[in-house]
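Working notes, beginning with the structure itself.
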Amino acid sequence: MIGSASVTSKPAAPEAGPSASPVGEFTAPLPTVVLRSGPVGAAGATGGDDAGDGVVGAVAVVLAAGADGPRFDDAIGQAVGDLGIRLDALIESESLRADAGSVLIVPLTVPPGESAEGTAQPRRLLVVGVGAGRAADWRAVGAALARRSGSVARLALVAGSELTSDGLRPLAEGVALGAYRVAGLLDRAAARTDPPATVDDPPAAETDAGAALGSGSPNGAGETSGAGAGGGGGLREVVVLSAGLTDDPEAQEALRAARAVATSVWIARDLVNTPSLVKSPQWLAERAVRIAVAAGLTAHVLGPAELAEQGFGGLSAVGRGSPRPPYLVRIEYDGPAGAAAGGSPGADGVTPGHRVLVGKGITFDSGGLSLKPAVSMIPMKTDMAGAAAVLGAMTALPALGVQGRVTGLLCLAENMIGAQAMRPGDVISCWGGTTVEVLNTDAEGRLVIADGLAYAAGELGADVLVDLATLTGAISVALGRRTAGLFSSDDALAAALSAAAETVGEQVWRLPLTDEYRPALDSTVADLTNMGRALDVGAGSIVAALFLREFVGGVPWAHLDIAGAARADADDGEISRGGTGWGVRTLLAWLTSPLVRPAPAG
């Protein structure tokens with residue numbers, strides 16, 4: 001249990017096995033993508049698991065968009081022909097265009113004399129479009145297979161020559177991301193969690209993960225949490241039939257990396273979707289420590305007393321109105337090129353430096369005394385999506401072998417009304433001494449992020465700072481629900497994050513840090529105000545980013561406002577209803593990209 005004092009948890013040995021995920025116990029089981037060669041019948045010979053007892057329930061084939069219409073190779077034509085269907089005739093009769101992610105489902109008849117339950121023949125054919133065959137197109141194919149396969153447990157995919165090792169990773173990611181379901185979430189939230197600790201628990205200055213946070217098994221018998229109990233039916237295995245990929249080491253590595261990334265996204269989605277009744281700052285801190293330690297990372301926690309003692313005035317003020325106090329979780333990773341102080345040069349001579357990720361973790365935001373309208377409170381359990389994305393990304397770093405030193409800071413608090421709540425007009429002192437006049441208690445996210453940024457720049461020696469926060473409603477007005485706002489003090493860093501987002505299919509749009517708006521934050525009684533009231537400039541997202549810039553100490557910095565992109569109202573492709581896990585994939589693509597160290601600001 002985490003009490004009021006710090007807890008330092010040390011990593012356990014990673015779990016063995018080529019496909020095992022050390023943090024897999026914290027999610028429902030992900031569908032598996034495997035490679036086989038041979039005809040469709042070979043796809044049912046994987047055996048030994050629960051994916052339909054070796055029965056292939058459906059066959060999927062892909063069509064690519066060509067200049068003269070959809071195209072397919074002989075292997076695909078033969079596979080469909082073996083099911084008694086002429087693919088060229090089907091394309092003509094159904095006017096198929098092979099748009100990426102498009103699906104035609106063809107029910108297959110049961111052979112005479114056999115029952116639907118007893119036959120080993122696939123029950124349906126899925127004809128899926130792959131468009132031009134770009135990474136985004138293969139990701140759409142994977143998500144479409146997961147969403148349109150119905151109750152099929154095992155599916156055979158005949159992709160022919162269209163699929164290469166470059167397309168395999170986005171395909172596998174799409175399958176996993178499209179397969180995410182909220183079902184069973186509360187069971188997973190309860191797994192591996194001790195009875196609630198109180199802030200009055202005796203302090204534990206430093207201990208290992210087992211002593212600080214419990215034995216690691218809810219039943220004390222060393223069993224896993226059964227996190228997949230709520231996963232129900234649905235797709236469990238996709239068997240990709242491709243003779244050219246089966247023995248390709250790059251293909252196997254692509255599948256391993258896809259699984260690591262998808263698991264991290266599932267972790268973030270689960271945390272965002274967890275109800276705030278369960279998800280107190282303390283619960284989230286405990287959960288983060290368990291997940292981080294399982295991934296092979298080191299975790300440190302500062303409780304409310306230490307936050308106050310060490311000058312984290314933003315976190316302390318925001319959390320003051322709730323009986324569930326704030327926490328700061330610091331998660332550390334030292335990669336192959338980052339073990340030595342200051343890092344060591346990569347292959348191109350560029351040192352990765354110390355990259356620090358800061359995530360806003362408001363577990364519920366009522367607005368405080370500047371109370372939100374009732375309808376605006378409904379999605380506020382998701383106001384910690386930035387912290388969830390940082391935690392999710394951190395958990396994948398060991399599996400992906402990321403170079404350099406990376407630290408994640410989760411700034412956790414609950415913004416509530418109470419006798420001790422922060423008031424409009426209060427002046428608080430953030431970490432490092434910058435004073436802030438609070439004009440609106442519903443602009444609390446920037447206060448906790450300010451603490452994290454100042455601490456990272458001043459205490460942790462960050463070389464690069466990136467923060468993620470569901471910060472402003474204005475960003476959704478400007479960019480909608482699929483695009484995050486990107487602000488940065490460094491052009492190279494902004495370009496690298498934009499390229500990373502494009503690679504994984506998460507959209508960002510860079511917005512300016514308009515210096516003419518900076519006077520809007522001036523205060524007569526403090527260094528800053530937390531709202532741009534001094535001038536009637538509007539531009540809420542820009543002014544919020546300008547506020548954060550005051551705390552980075554000249555360190556190259558980027559801010560991702562994910563207030564729109566972190567949440568979705570409906571399933572769509574790899575995007576899931578509720579928490580989307582936005583940012584996990586962008587961060588990982590950036591951290592695994594060739595090292596480009598931004599020049600110091602100024």
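Labeling convention for the structure tokens: chains A, B, ... as they appear, residues from 1 per chain, ligands from 1 in order of appearance.
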Show which residues sit within 7 Å of Gly359 in chain A, as a PyMOL selection string. Count only C-alpha atoms, and ignore same-chain residues fewer than 4 positions away. chain A and resi 386-387+390+409-411+467-469
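Among the candidate residues A:Arg567, A:Lys372, A:Arg324, A:Arg585, the one lying nearest to Glu502 in chain A is A:Arg585, with distances computed using only C-alpha atoms.
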Which polymer residues have any atom within 7 Å of an atom of Arg510 in chain A, counting only C-alpha atoms, with same-chain residues fewer than 3 positions away left out, as a VMD selection string? chain A and resid 485 to 487
Could you dump the residues just selected with N, CA, C and O atoms as an mmCIF file, in the first residue's frame?
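Wrote result06.cif, looks like this:
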data_model
loop_
_atom_site.group_PDB
_atom_site.id
_atom_site.type_symbol
_atom_site.label_atom_id
_atom_site.label_comp_id
_atom_site.auth_asym_id
_atom_site.auth_seq_id
_atom_site.Cartn_x
_atom_site.Cartn_y
_atom_site.Cartn_z
ATOM 1 N N GLY A 485 -3.553 18.949 -30.573
ATOM 2 C CA GLY A 485 -2.801 20.177 -30.798
ATOM 3 C C GLY A 485 -1.371 20.012 -30.324
ATOM 4 O O GLY A 485 -1.113 19.505 -29.230
ATOM 5 N N LEU A 486 -0.426 20.433 -31.141
ATOM 6 C CA LEU A 486 0.998 20.342 -30.823
ATOM 7 C C LEU A 486 1.577 21.747 -30.710
ATOM 8 O O LEU A 486 1.447 22.561 -31.629
ATOM 9 N N PHE A 487 2.181 22.033 -29.584
ATOM 10 C CA PHE A 487 2.892 23.284 -29.353
ATOM 11 C C PHE A 487 4.330 22.924 -28.982
ATOM 12 O O PHE A 487 4.552 21.976 -28.237
#
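CA of Ala558 in chain A sits 8.6 Å away from CA of Leu497 in chain A.
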Just the residues within 10 Å of Gly452 in chain A, please, counting only C-alpha atoms, with nothing from its chain fewer than 4 positions along; format it as a PyMOL selection string. chain A and resi 312+314-315+328+330+356-360+408-411+430-431+446-448+456-458+467+551-552
Residues of range 363-562 of chain A in helix (DSSP H, G or I) according to DSSP, as an MDAnalysis selection string? chainID A and resid 374:377 380:382 385:400 445:458 474:479 491:504 515:521 540:549
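Between CA of Thr580 in chain A and CA of Ala568 in chain A the separation is 6.6 Å.
With only C-alpha atoms as the atoms that count, the residue of A:Ala60, A:Leu168, A:Ala566, A:Val240 with the shortest distance to Pro122 in chain A is A:Ala60.
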For Arg71 in chain A: contacts at 9 Å, only C-alpha atoms, fewer than 6 positions along chain excluded, given as a ChimeraX atom specification: /A:62-65,98
Keeping only all heavy atoms, write the selected residues to a file as a short mmCIF file (atom, residue, chain, number, x, y, z; two decimals), in the first residue's frame.
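Generated output (selection19.cif):
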data_model
loop_
_atom_site.label_atom_id
_atom_site.label_comp_id
_atom_site.auth_asym_id
_atom_site.auth_seq_id
_atom_site.Cartn_x
_atom_site.Cartn_y
_atom_site.Cartn_z
N VAL A 62 -7.43 -10.38 -49.05
CA VAL A 62 -7.31 -8.94 -49.27
C VAL A 62 -7.31 -8.62 -50.76
O VAL A 62 -6.78 -9.38 -51.59
CB VAL A 62 -6.03 -8.37 -48.62
CG1 VAL A 62 -6.09 -8.53 -47.11
CG2 VAL A 62 -4.78 -9.02 -49.17
N LEU A 63 -7.92 -7.50 -51.06
CA LEU A 63 -7.90 -6.94 -52.41
C LEU A 63 -7.18 -5.61 -52.37
O LEU A 63 -7.45 -4.77 -51.50
CB LEU A 63 -9.32 -6.72 -52.93
CG LEU A 63 -10.23 -7.94 -53.09
CD1 LEU A 63 -11.60 -7.47 -53.60
CD2 LEU A 63 -9.62 -8.94 -54.05
N ALA A 64 -6.26 -5.40 -53.30
CA ALA A 64 -5.55 -4.13 -53.41
C ALA A 64 -6.20 -3.30 -54.51
O ALA A 64 -6.77 -3.83 -55.47
CB ALA A 64 -4.08 -4.35 -53.72
N ALA A 65 -6.16 -1.99 -54.35
CA ALA A 65 -6.73 -1.09 -55.34
C ALA A 65 -5.73 -0.88 -56.47
O ALA A 65 -4.59 -0.46 -56.23
CB ALA A 65 -7.09 0.24 -54.70
N ALA A 98 -12.06 -2.12 -53.19
CA ALA A 98 -10.85 -2.40 -52.42
C ALA A 98 -10.39 -1.20 -51.59
O ALA A 98 -9.20 -1.04 -51.31
CB ALA A 98 -9.71 -2.88 -53.33
#
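If only C-alpha atoms are the atoms counted, then among A:Arg154, A:Ala539, A:Glu437, A:Leu369 the closest residue to Val525 in chain A is A:Glu437.
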Please, what distance in Å, to one decimal, runs between CA of Arg256 in chain A and CA of Gly101 in chain A? 23.1 Å
Spatial neighbours of range 271-273 of chain A, 7 Å, only C-alpha atoms, chain gap at least 2 places, as a list in words: Ile267, Ala268, Arg269, Pro275, Lys381, Thr382, Met384, Ala385, Ala388, Gly578 and Gly579 of chain A
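The smallest atom-to-atom distance between Leu471 in chain A and any of A:His559, A:Arg181, A:Arg518, A:Arg124, using only C-alpha atoms, is found for A:His559.
Nearest to Leu521 in chain A of all the residues A:Val438, A:Val504, A:Trp138, A:Val375 is A:Val438, based on only C-alpha atoms.
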Which is closest to Gln282 in chain A among A:Ala132, A:Ala258, A:Ala144, A:Val329, if we use only C-alpha atoms? A:Val329
Write out as number ranges by chain the residues lying within 12 Å of Gly129 in chain A, counting only C-alpha atoms and excluding same-chain residues fewer than 3 positions away. A: 60-66, 69-72, 91, 96-105, 126, 132-134, 137-145, 159, 162
Would you write out those residues with C-alpha atoms, as an mmCIF file, in the first residue's frame?
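Listing of out_36.cif after writing:
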data_model
loop_
_atom_site.group_PDB
_atom_site.id
_atom_site.type_symbol
_atom_site.label_atom_id
_atom_site.label_comp_id
_atom_site.auth_asym_id
_atom_site.auth_seq_id
_atom_site.Cartn_x
_atom_site.Cartn_y
_atom_site.Cartn_z
ATOM 1 C CA ALA A 60 -10.201 -13.474 -45.064
ATOM 2 C CA VAL A 61 -8.553 -12.373 -48.287
ATOM 3 C CA VAL A 62 -7.308 -8.937 -49.273
ATOM 4 C CA LEU A 63 -7.903 -6.944 -52.409
ATOM 5 C CA ALA A 64 -5.552 -4.129 -53.409
ATOM 6 C CA ALA A 65 -6.730 -1.091 -55.338
ATOM 7 C CA GLY A 66 -5.286 -1.003 -58.839
ATOM 8 C CA GLY A 69 -9.921 -1.969 -60.305
ATOM 9 C CA PRO A 70 -9.203 -4.398 -57.457
ATOM 10 C CA ARG A 71 -6.334 -6.810 -57.923
ATOM 11 C CA PHE A 72 -5.320 -10.080 -56.279
ATOM 12 C CA ILE A 91 -15.810 -8.435 -57.347
ATOM 13 C CA LEU A 96 -15.974 -3.947 -54.937
ATOM 14 C CA ARG A 97 -13.412 -1.125 -54.961
ATOM 15 C CA ALA A 98 -10.845 -2.397 -52.416
ATOM 16 C CA ASP A 99 -10.959 0.737 -50.268
ATOM 17 C CA ALA A 100 -8.780 0.318 -47.189
ATOM 18 C CA GLY A 101 -10.766 -1.320 -44.390
ATOM 19 C CA SER A 102 -13.818 -2.080 -46.505
ATOM 20 C CA VAL A 103 -15.289 -5.523 -45.827
ATOM 21 C CA LEU A 104 -17.646 -7.808 -47.714
ATOM 22 C CA ILE A 105 -18.873 -10.791 -45.679
ATOM 23 C CA LEU A 126 -14.293 -11.850 -45.531
ATOM 24 C CA ALA A 132 -2.782 1.241 -51.795
ATOM 25 C CA GLY A 133 -1.146 -1.028 -49.224
ATOM 26 C CA ARG A 134 0.313 1.726 -47.051
ATOM 27 C CA ASP A 137 -4.193 0.760 -44.963
ATOM 28 C CA TRP A 138 -2.889 -2.426 -43.343
ATOM 29 C CA ARG A 139 -3.802 -1.025 -39.934
ATOM 30 C CA ALA A 140 -7.325 -0.503 -41.246
ATOM 31 C CA VAL A 141 -7.381 -4.098 -42.518
ATOM 32 C CA GLY A 142 -6.407 -5.432 -39.090
ATOM 33 C CA ALA A 143 -9.030 -3.353 -37.298
ATOM 34 C CA ALA A 144 -11.684 -4.402 -39.802
ATOM 35 C CA LEU A 145 -10.882 -8.076 -39.240
ATOM 36 C CA ALA A 159 -2.800 -11.827 -48.057
ATOM 37 C CA GLU A 162 0.546 -7.804 -51.134
#
Contact check, range 15-97 of chain A to range 288-302 of chain A, at most 8 Å, counting only C-alpha atoms, closest pairs as a Markdown table:
| residue | atom | partner | partner_atom | distance |
| --- | --- | --- | --- | --- |
| A:Pro22 | CA | A:Ala295 | CA | 5.5 |
| A:Val23 | CA | A:Ala294 | CA | 5.7 |
| A:Phe26 | CA | A:Ile291 | CA | 7.4 |
Going by DSSP on the backbone, which residues of range 50-199 of chain A come out as strand (DSSP E)? List them as a ChimeraX atom specification. /A:58-66,69-71,103-107,124-129,154-158
I need the residues from that last selection saved to file as a JSON list (two decimals), in the first residue's frame (with C-alpha atoms), if you can.
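Generated file (again-v6.json):
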[["chain", "number", "residue", "atom", "x", "y", "z"],
["A", 58, "ALA", "CA", -13.52, -17.65, -41.20],
["A", 59, "VAL", "CA", -11.20, -17.01, -44.11],
["A", 60, "ALA", "CA", -10.20, -13.47, -45.06],
["A", 61, "VAL", "CA", -8.55, -12.37, -48.29],
["A", 62, "VAL", "CA", -7.31, -8.94, -49.27],
["A", 63, "LEU", "CA", -7.90, -6.94, -52.41],
["A", 64, "ALA", "CA", -5.55, -4.13, -53.41],
["A", 65, "ALA", "CA", -6.73, -1.09, -55.34],
["A", 66, "GLY", "CA", -5.29, -1.00, -58.84],
["A", 69, "GLY", "CA", -9.92, -1.97, -60.31],
["A", 70, "PRO", "CA", -9.20, -4.40, -57.46],
["A", 71, "ARG", "CA", -6.33, -6.81, -57.92],
["A", 103, "VAL", "CA", -15.29, -5.52, -45.83],
["A", 104, "LEU", "CA", -17.65, -7.81, -47.71],
["A", 105, "ILE", "CA", -18.87, -10.79, -45.68],
["A", 106, "VAL", "CA", -19.93, -13.85, -47.63],
["A", 107, "PRO", "CA", -21.68, -16.65, -45.66],
["A", 124, "ARG", "CA", -17.76, -17.13, -43.72],
["A", 125, "LEU", "CA", -15.45, -15.41, -46.17],
["A", 126, "LEU", "CA", -14.29, -11.85, -45.53],
["A", 127, "VAL", "CA", -13.09, -9.87, -48.54],
["A", 128, "VAL", "CA", -11.15, -6.93, -47.17],
["A", 129, "GLY", "CA", -9.79, -3.95, -49.07],
["A", 154, "ARG", "CA", -9.67, -18.18, -35.25],
["A", 155, "LEU", "CA", -9.42, -16.53, -38.65],
["A", 156, "ALA", "CA", -7.11, -17.40, -41.54],
["A", 157, "LEU", "CA", -5.85, -14.45, -43.57],
["A", 158, "VAL", "CA", -4.59, -15.02, -47.10]]
